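File shown: run.cif (mmCIF, N, CA and C atoms).
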```cif
data_coords
loop_
_atom_site.label_atom_id
_atom_site.label_comp_id
_atom_site.auth_asym_id
_atom_site.auth_seq_id
_atom_site.Cartn_x
_atom_site.Cartn_y
_atom_site.Cartn_z
N MET A 1303 7.45 56.77 13.99
CA MET A 1303 6.64 56.21 15.04
C MET A 1303 7.21 56.64 16.40
N TYR A 1304 8.52 56.51 16.53
CA TYR A 1304 9.19 56.88 17.78
C TYR A 1304 8.95 58.35 18.10
N LEU A 1305 9.07 59.22 17.11
CA LEU A 1305 8.88 60.65 17.33
C LEU A 1305 7.43 60.96 17.70
N CYS A 1306 6.49 60.24 17.11
CA CYS A 1306 5.08 60.43 17.46
C CYS A 1306 4.86 60.04 18.92
N LEU A 1307 5.45 58.93 19.35
CA LEU A 1307 5.32 58.52 20.74
C LEU A 1307 5.95 59.55 21.67
N LEU A 1308 7.10 60.11 21.27
CA LEU A 1308 7.72 61.15 22.09
C LEU A 1308 6.79 62.36 22.23
N GLY A 1309 6.15 62.73 21.12
CA GLY A 1309 5.25 63.88 21.16
C GLY A 1309 4.09 63.68 22.10
N ILE A 1310 3.64 62.44 22.25
CA ILE A 1310 2.50 62.15 23.11
C ILE A 1310 2.95 61.88 24.55
N LEU A 1311 4.01 61.08 24.70
CA LEU A 1311 4.39 60.59 26.03
C LEU A 1311 5.55 61.34 26.67
N ALA A 1312 6.45 61.88 25.89
CA ALA A 1312 7.64 62.55 26.43
C ALA A 1312 7.95 63.81 25.61
N PRO A 1313 7.12 64.85 25.72
CA PRO A 1313 7.30 66.03 24.88
C PRO A 1313 8.66 66.71 25.05
N ARG A 1314 9.26 66.62 26.22
CA ARG A 1314 10.58 67.25 26.42
C ARG A 1314 11.64 66.59 25.55
N LYS A 1315 11.51 65.28 25.37
CA LYS A 1315 12.46 64.58 24.49
C LYS A 1315 12.23 64.99 23.04
N LEU A 1316 10.97 65.21 22.66
CA LEU A 1316 10.68 65.68 21.30
C LEU A 1316 11.24 67.08 21.11
N ILE A 1317 11.14 67.92 22.13
CA ILE A 1317 11.70 69.27 22.04
C ILE A 1317 13.21 69.19 21.80
N ALA A 1318 13.88 68.31 22.53
CA ALA A 1318 15.33 68.14 22.35
C ALA A 1318 15.64 67.63 20.95
N ALA A 1319 14.84 66.69 20.46
CA ALA A 1319 15.05 66.16 19.11
C ALA A 1319 14.80 67.25 18.07
N GLU A 1320 13.83 68.12 18.32
CA GLU A 1320 13.54 69.20 17.37
C GLU A 1320 14.68 70.22 17.34
N VAL A 1321 15.24 70.52 18.50
CA VAL A 1321 16.38 71.44 18.55
C VAL A 1321 17.54 70.87 17.72
N ALA A 1322 17.81 69.57 17.89
CA ALA A 1322 18.88 68.93 17.11
C ALA A 1322 18.55 68.94 15.62
N ASP A 1323 17.29 68.69 15.28
CA ASP A 1323 16.87 68.69 13.89
C ASP A 1323 17.00 70.09 13.29
N ASN A 1324 16.63 71.11 14.04
CA ASN A 1324 16.76 72.49 13.56
C ASN A 1324 18.23 72.85 13.33
N GLU A 1325 19.09 72.40 14.22
CA GLU A 1325 20.53 72.65 14.05
C GLU A 1325 21.05 71.97 12.79
N ALA A 1326 20.61 70.74 12.56
CA ALA A 1326 21.03 70.02 11.36
C ALA A 1326 20.54 70.73 10.10
N ARG A 1327 19.34 71.28 10.15
CA ARG A 1327 18.77 71.98 8.99
C ARG A 1327 19.55 73.26 8.67
N LYS A 1328 20.10 73.88 9.70
CA LYS A 1328 20.89 75.10 9.48
C LYS A 1328 22.13 74.81 8.66
N ASN A 1329 22.61 73.57 8.74
CA ASN A 1329 23.85 73.20 8.06
C ASN A 1329 23.62 72.62 6.67
N PHE A 1330 22.37 72.59 6.21
CA PHE A 1330 22.13 72.09 4.86
C PHE A 1330 22.82 73.02 3.87
N SER A 1331 23.49 72.43 2.92
CA SER A 1331 24.22 73.25 1.95
C SER A 1331 23.36 73.53 0.73
N GLY A 1332 23.55 74.67 0.16
CA GLY A 1332 22.87 75.04 -1.07
C GLY A 1332 21.40 75.35 -0.85
N LYS A 1333 20.84 76.05 -1.76
CA LYS A 1333 19.43 76.39 -1.70
C LYS A 1333 18.68 75.42 -2.61
N SER A 1334 17.71 74.76 -2.05
CA SER A 1334 16.95 73.81 -2.86
C SER A 1334 15.86 74.55 -3.64
N GLU A 1335 15.59 74.05 -4.81
CA GLU A 1335 14.53 74.62 -5.63
C GLU A 1335 13.19 74.14 -5.10
N ARG A 1336 12.28 75.04 -4.95
CA ARG A 1336 10.94 74.69 -4.47
C ARG A 1336 10.13 74.16 -5.63
N GLU A 1337 9.45 73.08 -5.37
CA GLU A 1337 8.58 72.47 -6.37
C GLU A 1337 7.38 73.39 -6.61
N PRO A 1338 6.92 73.51 -7.85
CA PRO A 1338 5.74 74.35 -8.13
C PRO A 1338 4.52 73.86 -7.35
N ASN A 1339 3.71 74.80 -6.88
CA ASN A 1339 2.54 74.48 -6.06
C ASN A 1339 1.59 73.52 -6.76
N ALA A 1340 1.43 73.67 -8.07
CA ALA A 1340 0.52 72.78 -8.80
C ALA A 1340 0.98 71.33 -8.69
N LEU A 1341 2.28 71.09 -8.72
CA LEU A 1341 2.79 69.72 -8.59
C LEU A 1341 2.64 69.21 -7.16
N ILE A 1342 2.77 70.10 -6.18
CA ILE A 1342 2.56 69.71 -4.79
C ILE A 1342 1.12 69.27 -4.57
N VAL A 1343 0.17 70.04 -5.11
CA VAL A 1343 -1.24 69.70 -4.97
C VAL A 1343 -1.55 68.39 -5.68
N ARG A 1344 -1.01 68.22 -6.87
CA ARG A 1344 -1.24 66.97 -7.63
C ARG A 1344 -0.71 65.76 -6.87
N ARG A 1345 0.52 65.87 -6.33
CA ARG A 1345 1.10 64.76 -5.57
C ARG A 1345 0.27 64.47 -4.31
N ALA A 1346 -0.19 65.53 -3.63
CA ALA A 1346 -1.01 65.34 -2.44
C ALA A 1346 -2.33 64.65 -2.78
N PHE A 1347 -2.91 65.01 -3.92
CA PHE A 1347 -4.17 64.39 -4.36
C PHE A 1347 -3.99 62.89 -4.54
N TRP A 1348 -2.96 62.49 -5.28
CA TRP A 1348 -2.76 61.08 -5.58
C TRP A 1348 -2.25 60.30 -4.36
N SER A 1349 -1.40 60.90 -3.55
CA SER A 1349 -0.92 60.17 -2.38
C SER A 1349 -2.04 60.00 -1.36
N SER A 1350 -2.91 60.99 -1.22
CA SER A 1350 -4.04 60.84 -0.30
C SER A 1350 -5.00 59.76 -0.79
N LEU A 1351 -5.18 59.66 -2.11
CA LEU A 1351 -5.98 58.57 -2.65
C LEU A 1351 -5.36 57.23 -2.29
N GLY A 1352 -4.04 57.15 -2.35
CA GLY A 1352 -3.35 55.92 -1.95
C GLY A 1352 -3.60 55.57 -0.49
N PHE A 1353 -3.57 56.59 0.38
CA PHE A 1353 -3.87 56.35 1.79
C PHE A 1353 -5.31 55.87 1.99
N VAL A 1354 -6.25 56.47 1.27
CA VAL A 1354 -7.65 56.07 1.37
C VAL A 1354 -7.82 54.62 0.92
N LEU A 1355 -7.24 54.29 -0.23
CA LEU A 1355 -7.37 52.92 -0.74
C LEU A 1355 -6.68 51.92 0.18
N ALA A 1356 -5.50 52.26 0.68
CA ALA A 1356 -4.78 51.35 1.58
C ALA A 1356 -5.56 51.15 2.87
N SER A 1357 -6.08 52.22 3.44
CA SER A 1357 -6.87 52.10 4.68
C SER A 1357 -8.12 51.28 4.45
N SER A 1358 -8.77 51.49 3.32
CA SER A 1358 -9.97 50.73 2.99
C SER A 1358 -9.66 49.25 2.77
N LEU A 1359 -8.57 48.98 2.09
CA LEU A 1359 -8.18 47.59 1.87
C LEU A 1359 -7.81 46.89 3.17
N VAL A 1360 -7.10 47.58 4.05
CA VAL A 1360 -6.75 47.00 5.35
C VAL A 1360 -8.03 46.71 6.14
N GLY A 1361 -8.95 47.66 6.16
CA GLY A 1361 -10.21 47.47 6.87
C GLY A 1361 -11.03 46.32 6.29
N ALA A 1362 -11.10 46.25 4.97
CA ALA A 1362 -11.85 45.17 4.32
C ALA A 1362 -11.20 43.82 4.62
N ALA A 1363 -9.87 43.78 4.57
CA ALA A 1363 -9.17 42.52 4.87
C ALA A 1363 -9.39 42.10 6.32
N LEU A 1364 -9.35 43.06 7.24
CA LEU A 1364 -9.60 42.73 8.64
C LEU A 1364 -11.03 42.23 8.85
N GLY A 1365 -11.98 42.87 8.19
CA GLY A 1365 -13.38 42.43 8.29
C GLY A 1365 -13.56 41.03 7.73
N ALA A 1366 -12.94 40.75 6.59
CA ALA A 1366 -13.02 39.41 6.00
C ALA A 1366 -12.32 38.39 6.89
N LEU A 1367 -11.19 38.77 7.47
CA LEU A 1367 -10.46 37.88 8.37
C LEU A 1367 -11.27 37.58 9.62
N LEU A 1368 -11.93 38.58 10.16
CA LEU A 1368 -12.79 38.36 11.33
C LEU A 1368 -13.95 37.44 10.99
N THR A 1369 -14.54 37.63 9.82
CA THR A 1369 -15.64 36.75 9.40
C THR A 1369 -15.15 35.32 9.28
N HIS A 1370 -13.98 35.15 8.69
CA HIS A 1370 -13.42 33.80 8.48
C HIS A 1370 -12.99 33.16 9.80
N SER A 1371 -12.38 33.94 10.69
CA SER A 1371 -11.82 33.35 11.91
C SER A 1371 -12.81 33.25 13.06
N THR A 1372 -13.73 34.21 13.20
CA THR A 1372 -14.65 34.19 14.33
C THR A 1372 -16.09 33.97 13.92
N GLY A 1373 -16.36 33.96 12.65
CA GLY A 1373 -17.74 33.83 12.19
C GLY A 1373 -18.39 35.19 12.09
N CYS A 1374 -19.70 35.18 12.18
CA CYS A 1374 -20.44 36.42 12.01
C CYS A 1374 -20.29 37.33 13.23
N SER A 1375 -20.57 38.59 13.01
CA SER A 1375 -20.46 39.57 14.10
C SER A 1375 -21.82 39.88 14.68
N THR A 1376 -21.80 40.24 15.94
CA THR A 1376 -23.04 40.66 16.58
C THR A 1376 -23.25 42.15 16.33
N GLN A 1377 -24.46 42.59 16.50
CA GLN A 1377 -24.75 44.01 16.30
C GLN A 1377 -23.95 44.89 17.26
N PRO A 1378 -23.80 44.51 18.54
CA PRO A 1378 -22.98 45.34 19.44
C PRO A 1378 -21.51 45.43 18.98
N ALA A 1379 -20.95 44.35 18.44
CA ALA A 1379 -19.56 44.38 17.97
C ALA A 1379 -19.41 45.36 16.81
N ILE A 1380 -20.35 45.33 15.89
CA ILE A 1380 -20.31 46.26 14.76
C ILE A 1380 -20.46 47.70 15.26
N LEU A 1381 -21.37 47.91 16.18
CA LEU A 1381 -21.59 49.24 16.74
C LEU A 1381 -20.32 49.76 17.42
N ILE A 1382 -19.64 48.91 18.18
CA ILE A 1382 -18.41 49.32 18.86
C ILE A 1382 -17.34 49.71 17.84
N LEU A 1383 -17.18 48.91 16.78
CA LEU A 1383 -16.19 49.24 15.75
C LEU A 1383 -16.53 50.56 15.07
N GLN A 1384 -17.80 50.76 14.76
CA GLN A 1384 -18.20 52.00 14.09
C GLN A 1384 -18.00 53.21 15.00
N LEU A 1385 -18.31 53.07 16.28
CA LEU A 1385 -18.08 54.16 17.23
C LEU A 1385 -16.59 54.45 17.39
N LEU A 1386 -15.78 53.40 17.46
CA LEU A 1386 -14.33 53.57 17.58
C LEU A 1386 -13.75 54.26 16.35
N GLY A 1387 -14.19 53.82 15.16
CA GLY A 1387 -13.72 54.45 13.92
C GLY A 1387 -14.11 55.92 13.85
N ALA A 1388 -15.38 56.21 14.16
CA ALA A 1388 -15.84 57.60 14.14
C ALA A 1388 -15.11 58.44 15.19
N ALA A 1389 -14.88 57.86 16.37
CA ALA A 1389 -14.19 58.58 17.44
C ALA A 1389 -12.76 58.93 17.02
N LEU A 1390 -12.06 57.99 16.37
CA LEU A 1390 -10.70 58.29 15.91
C LEU A 1390 -10.70 59.38 14.85
N LEU A 1391 -11.67 59.37 13.96
CA LEU A 1391 -11.75 60.41 12.94
C LEU A 1391 -12.00 61.78 13.57
N LEU A 1392 -12.93 61.84 14.52
CA LEU A 1392 -13.21 63.10 15.20
C LEU A 1392 -12.02 63.55 16.04
N TRP A 1393 -11.40 62.62 16.75
CA TRP A 1393 -10.25 62.95 17.58
C TRP A 1393 -9.12 63.53 16.73
N GLY A 1394 -8.86 62.90 15.60
CA GLY A 1394 -7.82 63.41 14.71
C GLY A 1394 -8.15 64.81 14.22
N THR A 1395 -9.41 65.05 13.90
CA THR A 1395 -9.84 66.37 13.43
C THR A 1395 -9.66 67.43 14.51
N LEU A 1396 -10.07 67.10 15.73
CA LEU A 1396 -9.98 68.07 16.81
C LEU A 1396 -8.55 68.26 17.32
N PHE A 1397 -7.75 67.22 17.19
CA PHE A 1397 -6.38 67.25 17.70
C PHE A 1397 -5.42 68.05 16.83
N VAL A 1398 -5.54 67.91 15.51
CA VAL A 1398 -4.51 68.44 14.61
C VAL A 1398 -4.34 69.95 14.82
N ARG A 1399 -3.10 70.36 14.84
CA ARG A 1399 -2.76 71.77 15.02
C ARG A 1399 -2.34 72.33 13.68
N GLY A 1400 -2.71 73.53 13.43
CA GLY A 1400 -2.35 74.21 12.19
C GLY A 1400 -1.58 75.46 12.50
N TRP A 1401 -2.30 76.58 12.59
CA TRP A 1401 -1.65 77.87 12.80
C TRP A 1401 -0.95 77.95 14.15
N ASP A 1402 -1.37 77.13 15.11
CA ASP A 1402 -0.74 77.16 16.43
C ASP A 1402 0.76 76.88 16.36
N ILE A 1403 1.15 76.01 15.44
CA ILE A 1403 2.55 75.58 15.37
C ILE A 1403 3.20 75.86 14.02
N GLN A 1404 2.47 76.51 13.12
CA GLN A 1404 2.93 76.71 11.75
C GLN A 1404 4.15 77.63 11.68
N THR A 1405 5.13 77.23 10.88
CA THR A 1405 6.27 78.07 10.58
C THR A 1405 6.24 78.40 9.09
N TRP A 1406 7.13 79.25 8.66
CA TRP A 1406 7.16 79.61 7.24
C TRP A 1406 7.47 78.40 6.37
N SER A 1407 8.39 77.58 6.82
CA SER A 1407 8.78 76.44 5.99
C SER A 1407 7.86 75.25 6.16
N GLY A 1408 7.24 75.12 7.32
CA GLY A 1408 6.33 74.00 7.56
C GLY A 1408 7.00 72.66 7.68
N VAL A 1409 8.30 72.64 7.98
CA VAL A 1409 9.02 71.37 8.03
C VAL A 1409 9.68 71.09 9.38
N THR A 1410 9.30 71.83 10.42
CA THR A 1410 9.90 71.54 11.71
C THR A 1410 9.47 70.15 12.16
N LEU A 1411 10.22 69.60 13.07
CA LEU A 1411 9.95 68.25 13.55
C LEU A 1411 8.55 68.18 14.17
N THR A 1412 8.18 69.18 14.95
CA THR A 1412 6.86 69.18 15.56
C THR A 1412 5.75 69.20 14.51
N GLU A 1413 5.92 69.98 13.46
CA GLU A 1413 4.92 70.03 12.39
C GLU A 1413 4.80 68.68 11.68
N ARG A 1414 5.93 68.03 11.46
CA ARG A 1414 5.90 66.72 10.80
C ARG A 1414 5.24 65.68 11.70
N VAL A 1415 5.56 65.69 12.99
CA VAL A 1415 4.93 64.75 13.92
C VAL A 1415 3.42 65.00 13.97
N ASN A 1416 3.03 66.26 13.99
CA ASN A 1416 1.62 66.63 13.98
C ASN A 1416 0.91 66.01 12.77
N ARG A 1417 1.52 66.12 11.59
CA ARG A 1417 0.92 65.55 10.37
C ARG A 1417 0.88 64.02 10.44
N TRP A 1418 1.97 63.41 10.93
CA TRP A 1418 2.02 61.95 11.00
C TRP A 1418 0.94 61.42 11.94
N LEU A 1419 0.78 62.06 13.10
CA LEU A 1419 -0.25 61.62 14.04
C LEU A 1419 -1.64 61.77 13.44
N TYR A 1420 -1.88 62.91 12.82
CA TYR A 1420 -3.19 63.18 12.19
C TYR A 1420 -3.51 62.13 11.13
N ARG A 1421 -2.56 61.88 10.25
CA ARG A 1421 -2.80 60.91 9.18
C ARG A 1421 -2.96 59.50 9.71
N THR A 1422 -2.18 59.16 10.72
CA THR A 1422 -2.30 57.83 11.32
C THR A 1422 -3.67 57.64 11.94
N MET A 1423 -4.14 58.64 12.68
CA MET A 1423 -5.46 58.54 13.31
C MET A 1423 -6.55 58.43 12.24
N TYR A 1424 -6.43 59.18 11.18
CA TYR A 1424 -7.43 59.11 10.11
C TYR A 1424 -7.42 57.76 9.40
N CYS A 1425 -6.23 57.26 9.11
CA CYS A 1425 -6.15 55.95 8.44
C CYS A 1425 -6.67 54.84 9.34
N MET A 1426 -6.33 54.89 10.62
CA MET A 1426 -6.83 53.87 11.55
C MET A 1426 -8.35 53.96 11.70
N GLY A 1427 -8.87 55.17 11.84
CA GLY A 1427 -10.31 55.35 11.97
C GLY A 1427 -11.05 54.83 10.74
N THR A 1428 -10.52 55.13 9.57
CA THR A 1428 -11.13 54.66 8.33
C THR A 1428 -11.08 53.14 8.24
N ALA A 1429 -9.93 52.55 8.56
CA ALA A 1429 -9.78 51.10 8.49
C ALA A 1429 -10.73 50.41 9.45
N ILE A 1430 -10.86 50.94 10.66
CA ILE A 1430 -11.77 50.33 11.65
C ILE A 1430 -13.21 50.44 11.18
N PHE A 1431 -13.59 51.59 10.64
CA PHE A 1431 -14.96 51.76 10.16
C PHE A 1431 -15.25 50.81 9.00
N VAL A 1432 -14.32 50.71 8.05
CA VAL A 1432 -14.52 49.81 6.91
C VAL A 1432 -14.56 48.35 7.39
N CYS A 1433 -13.75 48.02 8.37
CA CYS A 1433 -13.77 46.67 8.95
C CYS A 1433 -15.18 46.33 9.45
N SER A 1434 -15.82 47.30 10.11
CA SER A 1434 -17.18 47.07 10.62
C SER A 1434 -18.17 46.80 9.49
N LEU A 1435 -17.89 47.35 8.32
CA LEU A 1435 -18.78 47.14 7.17
C LEU A 1435 -18.54 45.78 6.51
N PHE A 1436 -17.32 45.27 6.61
CA PHE A 1436 -16.99 44.01 5.94
C PHE A 1436 -17.09 42.79 6.84
N TRP A 1437 -17.22 42.97 8.14
CA TRP A 1437 -17.40 41.85 9.05
C TRP A 1437 -18.86 41.43 8.96
N LYS A 1438 -19.08 40.27 8.38
CA LYS A 1438 -20.43 39.81 8.09
C LYS A 1438 -21.27 39.72 9.36
N PRO A 1439 -22.43 40.41 9.38
CA PRO A 1439 -23.29 40.34 10.55
C PRO A 1439 -24.05 39.01 10.61
N CYS A 1440 -24.35 38.57 11.79
CA CYS A 1440 -25.14 37.35 11.96
C CYS A 1440 -26.56 37.56 11.46
N GLY A 1441 -27.14 36.51 10.91
CA GLY A 1441 -28.51 36.59 10.44
C GLY A 1441 -28.68 37.13 9.05
N ARG A 1442 -27.59 37.31 8.31
CA ARG A 1442 -27.71 37.77 6.93
C ARG A 1442 -27.06 36.81 5.98
#
```

Structure rendered as structure tokens:
Amino acid sequence: MYLCLLGILAPRKLIAAEVADNEARKNFSGKSEREPNALIVRRAFWSSLGFVLASSLVGAALGALLTHSTGCSTQPAILILQLLGAALLLWGTLFVRGWDIQTWSGVTLTERVNRWLYRTMYCMGTAIFVCSLFWKPCGR
């Protein structure tokens, strides 16, 4: 979280942290065995499903909590939540960097922060959108 905030608010501090991280990586001993690509894809498939389910559950719980604590929602409130959720999803899509910052290893600090921000924006956008679906509208 701290590194993500540095990337957004204080990029020079993130640059300094990345230089230190790169120096630490140079001192890693031994060559690690690379996991087979098929296992990487399989793990990504199941972990992404976990993120989807967790984001959906958080959104559903927030919607149910809003219904319980504030009562029914107005149409403008639902519209605002849906717009906010969609905006976060689009922002994450447009923001994420790929080839611009890609290295051979794909593990630099900047690349990791890029992925963390992207995933956070997507999970938040999904949770907010699902919340809008679970917050009971008035008149139904």

Handout entry: Minimum-distance residue to Val1360 (chain A), chosen among A:Glu1325, A:Phe1397, A:Phe1347, A:Ile1430 (using all atoms listed in the file)
Key =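 Of the candidates, the smallest distance to Val1360 (chain A) is held by A:Ile1430.
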
Exercise for the section: I would like the residues chosen by the PyMOL selection byres ((chain A and resi 1408-1414) around 8) on the shown file; could you give them as a ChimeraX atom specification? Expected result: /A:1305-1306,1309,1316-1317,1319-1321,1323-1324,1399,1403-1407,1415-1420

Completion exercise
Pairwise distance, atom C of Ile1380 (chain A) with CA of Leu1367 (chain A), equals 15.6 Å

Exercise for the section: For atom C of Ala1389 (chain A) and CA of Ala1429 (chain A), determine how far apart the two atoms are, in Å to one decimal place. Expected result: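 Result for atom C of Ala1389 (chain A) versus CA of Ala1429 (chain A): 12.0 Å, one decimal.
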
What box, with edges along x, y and z, holds each listed atom of region 1428-1433 of chain A when 5 Å is added on every side, and can you state its centre and edge lengths in Å to one decimal, as JSON?
```
{"center_x": -12.5, "center_y": 50.7, "center_z": 9.3, "size_x": 15.5, "size_y": 18.8, "size_z": 14.7}
```

Exercise for the section: Mind listing the helix (DSSP H, G or I) residues of chain A, per DSSP on the backbone, as a PyMOL selection string? Expected result: chain A and resi 1304-1311+1313-1328+1339-1372+1377-1397+1411-1436

Exercise for the section: Go through A:Pro1439, A:Leu1308, A:Ala1322, A:Leu1351 one by one, measure the shortest atom-to-atom distance of each to Ser1375 (chain A) using all atoms listed in the file, and give the residue with the smallest value. Expected result: A:Pro1439

Problem - Atomic distance CA of Arg1421 (chain A) - CA of Gly1387 (chain A), expressed in Å with one decimal - result: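 CA of Gly1387 (chain A) lies at a distance of 13.5 Å from CA of Arg1421 (chain A).
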
Practice task
Mind listing whatever residues come within 10 Å of the point (-18.2, 44.4, 4.6)? Use only C-alpha atoms, file coordinates, and give them as JSON, numbers by chain.
Solution key: {"A": [1361, 1362, 1363, 1364, 1365, 1366, 1369, 1431, 1432, 1433, 1434, 1435, 1436, 1437, 1438, 1439]}

Practice task
Could you tell me which of A:Ser1358, A:Thr1428, A:Asn1339, A:Asn1329 comes closest to Ala1388 (chain A) if we count only N, CA and C atoms?
Solution key: A:Thr1428
